[in-house]
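One structure is given here, and the rest of the page talks about it.
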Amino acid sequence: MSSKLKKIKLREYGVVFGFVILCILISFATPAFLSHKNILNLLRQSSIVGIISAGMTFVIISGNFDISVGAVAALSGAVVMKVATTGGNVFTGILAAFVVCGIIGALNGIAVAKINIPSLIATMAMVSVVKGSMLMLTGGYPITRTFPSLDYLGNGYILGIPVPVILFAVVVIIAYIVLTKTRFGRHVYSVGGNAEASKLNGIHVDRYKIYVFIINALLACLAGFVLVGRMGTASPSAGDGYDMDAIASVVIGGTSVSGGSGSVLKTVIGVLMMSVINNSFNLLGVDMYFQYIFKGLIILVAVGIDSFSKRRLALR
């Protein structure tokens, strides 16, 4: 095998090897890591970030970022709880949340595609809009009430498997099929790889940018249902940190920050790796602020490696 082929395989599967080695090391450090209860808990915790990360994969492959997804997830839970506690029902609340979040995604996409606002700036502004709207909706206080259907989404089981994990798996399978087996997926990769060339080939670049932001917002909305089901309360701060976790998971999974390449299956590995790190820190009693520092360093290293690799390829 040539050295070039070895480098390609290492780059393609390095995250998988790293994940396996990490799990082995942690299992030696804390035997509780491999317990059935902890594995199920880890997978359940991964599901919310995982669902959001699947949508984030579409956005980053298209060459953009969305840091509003945490706020959107929190808003979706607040909309459901508000509707369900003020004369409506959970089903009506879910429909209302999907509509609201879909509109937010469309507005993000229009700001980026039509007004040419950088995606980080557009979605940063949307965070303020969403959080302000949520504070108006909730009056600044958590909405606390238990609904069996929402509780089942967050804490239920099917054949011994947590419902959130099943939802995560279904989302990943659909996302994988869309990205790899459909024209839509091929066009998303094309838009992220070279938007100008895509336009010359007849692809409606602006339209696809708007679509990926809508997909991302709708999946964040779904994650919000799981989140409010797990917590039993809708809080304005419920989604804090999920946006960075999702971006970190996608980048660690090998999706290029400049767009045009990536895989939702590798995003799953990135999600699990982040969850394993958080879980192991909790088991080992590591202080929370160290977790934030480590998470930030992981993002810097992952983005740095991607940028360095792209620069080397450009110089050849």
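Residues in the structure tokens are named by chain (A, B, ... in the order shown) and by number from 1 within that chain; ligands are numbered from 1 in the order shown.
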
Find the residues near segment 299-303 of chain A: any atom within 12 Å, counting only C-alpha atoms, skip ones fewer than 5 places away on the same chain, and give them as number ranges by chain.
A: 11, 14-15, 244-258, 270, 274, 292-294, 308-310

Could you give me the residues within segment 54-296 of chain A that DSSP places in alpha helix (DSSP H), as number ranges by chain?
A: 54-61, 69-85, 90-113, 119-138, 148-155, 163-181, 183-193, 195-200, 205-231, 242-252, 264-284, 288-296

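Those residues of segment 113-169 of chain A that DSSP, working from the backbone, places in strand (DSSP E) are Ile143, Thr144, Tyr157, Ile158, Ile161 and Pro162 of chain A.
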
Segment 100-102 of chain A: which residues within 10 Å, counting only C-alpha atoms, same-chain residues fewer than 4 positions away excluded, as a list of chain:residue names?
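The residues that qualify are A:Val69, A:Val72, A:Ala73, A:Leu75, A:Ser76, A:Val79, A:Ile94, A:Leu95, A:Ala96, A:Ala106, A:Leu107, A:Asn108, A:Val130, A:Tyr211, A:Phe213, A:Ile214, A:Ile215, A:Asn216, A:Ala217, A:Leu218, A:Leu219, A:Ala220, A:Cys221, A:Leu222.
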
Please dump the current selection as a PDB file, in the first residue's frame; keep N, CA and C atoms.
```pdb
ATOM      1  N   VAL A  69     -29.168  26.979  16.924  1.00  0.00           N
ATOM      2  CA  VAL A  69     -29.937  25.747  17.118  1.00  0.00           C
ATOM      3  C   VAL A  69     -30.246  25.456  18.593  1.00  0.00           C
ATOM      4  N   VAL A  72     -33.177  27.559  19.372  1.00  0.00           N
ATOM      5  CA  VAL A  72     -34.342  27.031  18.660  1.00  0.00           C
ATOM      6  C   VAL A  72     -34.890  25.797  19.375  1.00  0.00           C
ATOM      7  N   ALA A  73     -34.006  24.915  19.838  1.00  0.00           N
ATOM      8  CA  ALA A  73     -34.435  23.724  20.570  1.00  0.00           C
ATOM      9  C   ALA A  73     -35.193  24.107  21.843  1.00  0.00           C
ATOM     10  N   LEU A  75     -36.752  26.958  22.342  1.00  0.00           N
ATOM     11  CA  LEU A  75     -38.006  27.597  21.953  1.00  0.00           C
ATOM     12  C   LEU A  75     -39.064  26.566  21.583  1.00  0.00           C
ATOM     13  N   SER A  76     -38.664  25.508  20.889  1.00  0.00           N
ATOM     14  CA  SER A  76     -39.642  24.495  20.483  1.00  0.00           C
ATOM     15  C   SER A  76     -40.309  23.857  21.701  1.00  0.00           C
ATOM     16  N   VAL A  79     -42.763  26.422  23.145  1.00  0.00           N
ATOM     17  CA  VAL A  79     -43.992  26.536  22.349  1.00  0.00           C
ATOM     18  C   VAL A  79     -44.927  25.367  22.651  1.00  0.00           C
ATOM     19  N   ILE A  94     -46.893  20.634  19.106  1.00  0.00           N
ATOM     20  CA  ILE A  94     -45.808  20.120  18.257  1.00  0.00           C
ATOM     21  C   ILE A  94     -45.897  20.707  16.848  1.00  0.00           C
ATOM     22  N   LEU A  95     -47.113  20.746  16.296  1.00  0.00           N
ATOM     23  CA  LEU A  95     -47.283  21.341  14.961  1.00  0.00           C
ATOM     24  C   LEU A  95     -46.893  22.819  14.967  1.00  0.00           C
ATOM     25  N   ALA A  96     -47.330  23.530  16.012  1.00  0.00           N
ATOM     26  CA  ALA A  96     -46.999  24.957  16.113  1.00  0.00           C
ATOM     27  C   ALA A  96     -45.491  25.161  16.214  1.00  0.00           C
ATOM     28  N   ALA A 106     -35.916  29.281   7.853  1.00  0.00           N
ATOM     29  CA  ALA A 106     -36.038  29.967   6.563  1.00  0.00           C
ATOM     30  C   ALA A 106     -35.473  31.380   6.638  1.00  0.00           C
ATOM     31  N   LEU A 107     -35.739  32.079   7.734  1.00  0.00           N
ATOM     32  CA  LEU A 107     -35.200  33.440   7.897  1.00  0.00           C
ATOM     33  C   LEU A 107     -33.674  33.430   7.956  1.00  0.00           C
ATOM     34  N   ASN A 108     -33.104  32.439   8.659  1.00  0.00           N
ATOM     35  CA  ASN A 108     -31.647  32.292   8.677  1.00  0.00           C
ATOM     36  C   ASN A 108     -31.114  32.096   7.259  1.00  0.00           C
ATOM     37  N   VAL A 130     -34.607  34.862  19.103  1.00  0.00           N
ATOM     38  CA  VAL A 130     -35.289  33.686  19.638  1.00  0.00           C
ATOM     39  C   VAL A 130     -35.369  33.745  21.158  1.00  0.00           C
ATOM     40  N   TYR A 211     -32.731  25.764   2.194  1.00  0.00           N
ATOM     41  CA  TYR A 211     -33.233  24.436   2.563  1.00  0.00           C
ATOM     42  C   TYR A 211     -32.456  23.844   3.738  1.00  0.00           C
ATOM     43  N   PHE A 213     -30.790  25.288   6.098  1.00  0.00           N
ATOM     44  CA  PHE A 213     -31.084  25.970   7.359  1.00  0.00           C
ATOM     45  C   PHE A 213     -32.455  25.566   7.895  1.00  0.00           C
ATOM     46  N   ILE A 214     -33.405  25.348   6.995  1.00  0.00           N
ATOM     47  CA  ILE A 214     -34.728  24.880   7.436  1.00  0.00           C
ATOM     48  C   ILE A 214     -34.626  23.483   8.027  1.00  0.00           C
ATOM     49  N   ILE A 215     -33.885  22.596   7.354  1.00  0.00           N
ATOM     50  CA  ILE A 215     -33.687  21.232   7.866  1.00  0.00           C
ATOM     51  C   ILE A 215     -33.052  21.271   9.246  1.00  0.00           C
ATOM     52  N   ASN A 216     -32.041  22.114   9.387  1.00  0.00           N
ATOM     53  CA  ASN A 216     -31.340  22.224  10.667  1.00  0.00           C
ATOM     54  C   ASN A 216     -32.281  22.687  11.777  1.00  0.00           C
ATOM     55  N   ALA A 217     -33.107  23.689  11.473  1.00  0.00           N
ATOM     56  CA  ALA A 217     -34.036  24.216  12.479  1.00  0.00           C
ATOM     57  C   ALA A 217     -35.099  23.190  12.849  1.00  0.00           C
ATOM     58  N   LEU A 218     -35.580  22.433  11.879  1.00  0.00           N
ATOM     59  CA  LEU A 218     -36.611  21.427  12.164  1.00  0.00           C
ATOM     60  C   LEU A 218     -36.053  20.290  13.019  1.00  0.00           C
ATOM     61  N   LEU A 219     -34.814  19.903  12.765  1.00  0.00           N
ATOM     62  CA  LEU A 219     -34.210  18.857  13.597  1.00  0.00           C
ATOM     63  C   LEU A 219     -33.898  19.389  14.995  1.00  0.00           C
ATOM     64  N   ALA A 220     -33.515  20.667  15.098  1.00  0.00           N
ATOM     65  CA  ALA A 220     -33.336  21.273  16.417  1.00  0.00           C
ATOM     66  C   ALA A 220     -34.665  21.303  17.163  1.00  0.00           C
ATOM     67  N   CYS A 221     -35.749  21.539  16.438  1.00  0.00           N
ATOM     68  CA  CYS A 221     -37.093  21.526  17.012  1.00  0.00           C
ATOM     69  C   CYS A 221     -37.416  20.140  17.570  1.00  0.00           C
ATOM     70  N   LEU A 222     -37.120  19.099  16.798  1.00  0.00           N
ATOM     71  CA  LEU A 222     -37.342  17.724  17.260  1.00  0.00           C
ATOM     72  C   LEU A 222     -36.523  17.436  18.511  1.00  0.00           C
TER      73      LEU A 222
END
```

Arg44 of chain A environment, 7 Å, only C-alpha atoms, sequence neighbours closer than 4 positions dropped, as a VMD selection string:
chain A and resid 40 162 164 to 165

Residue among A:Phe28, A:Phe98, A:Phe17, A:Tyr152 lying closest to Met231 of chain A, counting only C-alpha atoms:
A:Tyr152

One-decimal distance in Å that lies between atom CA of Ile210 of chain A and atom CA of Met126 of chain A:
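Spanning atom CA of Met126 of chain A to atom CA of Ile210 of chain A is a straight-line distance of 14.7 Å.
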
Which value, in Å to one decimal, gives the distance between atom CA of Tyr189 of chain A and atom CA of His204 of chain A?
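Separation between atom CA of Tyr189 of chain A and atom CA of His204 of chain A: 12.9 Å.
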
Please compute the atom CA of Leu283 of chain A-atom CA of Gln45 of chain A distance, one decimal, in Å.
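If I compute the distance from atom CA of Leu283 of chain A to atom CA of Gln45 of chain A, I get 14.3 Å.
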
For each of A:Gly232, A:Gly259, A:Gly304, A:Gly105, take the minimum atom-to-atom distance to Ala78 of chain A, counting only C-alpha atoms, then give the residue where this is smallest.
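Using only C-alpha atoms, the shortest distance to Ala78 of chain A belongs to A:Gly232.
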
Out of A:Val276, A:Ala54, A:Ala84, A:Leu297, which residue has the shortest atom-to-atom distance to Phe147 of chain A when counting only C-alpha atoms?
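Looking at the shortest contact to Phe147 of chain A, the residue is A:Ala84.
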
Who sits within 10 Å of Ser237 of chain A, only C-alpha atoms, same chain under 3 positions skipped, as a PyMOL selection string:
chain A and resi 70-71+74-75+131+134-135+140+142+234+240-241

Give me, as a PyMOL selection string, all polymer residues having an atom no more than 12 Å from Ala195 of chain A, counting only C-alpha atoms and skipping those fewer than 2 positions away in the same chain.
chain A and resi 61-64+113+187-193+197-209+258-260

If you count only C-alpha atoms, which residues fall within 9 Å of Gly77 of chain A, apart from same-chain ones fewer than 4 positions away, as number ranges by chain?
A: 72-73, 81-82, 93-94, 97, 221-229, 233-235, 238

Same residues, N, CA and C atoms, output as a PDB file, in the first residue's frame:
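As a result, selection08.pdb now contains:
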```
ATOM      1  N   VAL A  72     -33.177  27.559  19.372  1.00  0.00           N
ATOM      2  CA  VAL A  72     -34.342  27.031  18.660  1.00  0.00           C
ATOM      3  C   VAL A  72     -34.890  25.797  19.375  1.00  0.00           C
ATOM      4  N   ALA A  73     -34.006  24.915  19.838  1.00  0.00           N
ATOM      5  CA  ALA A  73     -34.435  23.724  20.570  1.00  0.00           C
ATOM      6  C   ALA A  73     -35.193  24.107  21.843  1.00  0.00           C
ATOM      7  N   MET A  81     -45.074  23.451  25.345  1.00  0.00           N
ATOM      8  CA  MET A  81     -45.598  23.540  26.706  1.00  0.00           C
ATOM      9  C   MET A  81     -46.618  24.675  26.835  1.00  0.00           C
ATOM     10  N   LYS A  82     -46.354  25.796  26.172  1.00  0.00           N
ATOM     11  CA  LYS A  82     -47.266  26.931  26.252  1.00  0.00           C
ATOM     12  C   LYS A  82     -48.620  26.596  25.632  1.00  0.00           C
ATOM     13  N   GLY A  93     -49.374  21.674  19.899  1.00  0.00           N
ATOM     14  CA  GLY A  93     -48.141  22.359  20.263  1.00  0.00           C
ATOM     15  C   GLY A  93     -46.960  21.925  19.403  1.00  0.00           C
ATOM     16  N   ILE A  94     -46.893  20.634  19.106  1.00  0.00           N
ATOM     17  CA  ILE A  94     -45.808  20.120  18.257  1.00  0.00           C
ATOM     18  C   ILE A  94     -45.897  20.707  16.848  1.00  0.00           C
ATOM     19  N   ALA A  97     -44.833  24.309  16.986  1.00  0.00           N
ATOM     20  CA  ALA A  97     -43.380  24.423  17.157  1.00  0.00           C
ATOM     21  C   ALA A  97     -42.655  24.173  15.845  1.00  0.00           C
ATOM     22  N   CYS A 221     -35.749  21.539  16.438  1.00  0.00           N
ATOM     23  CA  CYS A 221     -37.093  21.526  17.012  1.00  0.00           C
ATOM     24  C   CYS A 221     -37.416  20.140  17.570  1.00  0.00           C
ATOM     25  N   LEU A 222     -37.120  19.099  16.798  1.00  0.00           N
ATOM     26  CA  LEU A 222     -37.342  17.724  17.260  1.00  0.00           C
ATOM     27  C   LEU A 222     -36.523  17.436  18.511  1.00  0.00           C
ATOM     28  N   ALA A 223     -35.272  17.867  18.500  1.00  0.00           N
ATOM     29  CA  ALA A 223     -34.427  17.682  19.677  1.00  0.00           C
ATOM     30  C   ALA A 223     -35.013  18.405  20.884  1.00  0.00           C
ATOM     31  N   GLY A 224     -35.648  19.551  20.644  1.00  0.00           N
ATOM     32  CA  GLY A 224     -36.280  20.298  21.719  1.00  0.00           C
ATOM     33  C   GLY A 224     -37.423  19.528  22.359  1.00  0.00           C
ATOM     34  N   PHE A 225     -38.157  18.757  21.559  1.00  0.00           N
ATOM     35  CA  PHE A 225     -39.229  17.920  22.114  1.00  0.00           C
ATOM     36  C   PHE A 225     -38.651  16.877  23.067  1.00  0.00           C
ATOM     37  N   VAL A 226     -37.557  16.267  22.639  1.00  0.00           N
ATOM     38  CA  VAL A 226     -36.910  15.256  23.488  1.00  0.00           C
ATOM     39  C   VAL A 226     -36.391  15.908  24.766  1.00  0.00           C
ATOM     40  N   LEU A 227     -35.808  17.083  24.613  1.00  0.00           N
ATOM     41  CA  LEU A 227     -35.233  17.786  25.764  1.00  0.00           C
ATOM     42  C   LEU A 227     -36.302  18.137  26.795  1.00  0.00           C
ATOM     43  N   VAL A 228     -37.419  18.701  26.334  1.00  0.00           N
ATOM     44  CA  VAL A 228     -38.476  19.075  27.273  1.00  0.00           C
ATOM     45  C   VAL A 228     -39.135  17.834  27.864  1.00  0.00           C
ATOM     46  N   GLY A 229     -39.160  16.735  27.093  1.00  0.00           N
ATOM     47  CA  GLY A 229     -39.693  15.486  27.630  1.00  0.00           C
ATOM     48  C   GLY A 229     -38.823  14.921  28.736  1.00  0.00           C
ATOM     49  N   THR A 233     -39.779  20.302  31.875  1.00  0.00           N
ATOM     50  CA  THR A 233     -39.922  21.749  32.004  1.00  0.00           C
ATOM     51  C   THR A 233     -39.331  22.434  30.783  1.00  0.00           C
ATOM     52  N   ALA A 234     -39.906  23.571  30.415  1.00  0.00           N
ATOM     53  CA  ALA A 234     -39.390  24.375  29.310  1.00  0.00           C
ATOM     54  C   ALA A 234     -38.755  25.627  29.892  1.00  0.00           C
ATOM     55  N   SER A 235     -37.456  25.741  29.729  1.00  0.00           N
ATOM     56  CA  SER A 235     -36.708  26.844  30.317  1.00  0.00           C
ATOM     57  C   SER A 235     -36.021  27.652  29.227  1.00  0.00           C
ATOM     58  N   ALA A 238     -32.635  26.296  28.435  1.00  0.00           N
ATOM     59  CA  ALA A 238     -32.528  24.845  28.272  1.00  0.00           C
ATOM     60  C   ALA A 238     -31.576  24.419  27.150  1.00  0.00           C
TER      61      ALA A 238
END
```

Restricting the calculation to only C-alpha atoms, which member of A:Leu22, A:Leu167, A:Leu265, A:Leu120 is positioned closest to Ile51 of chain A?
A:Leu167
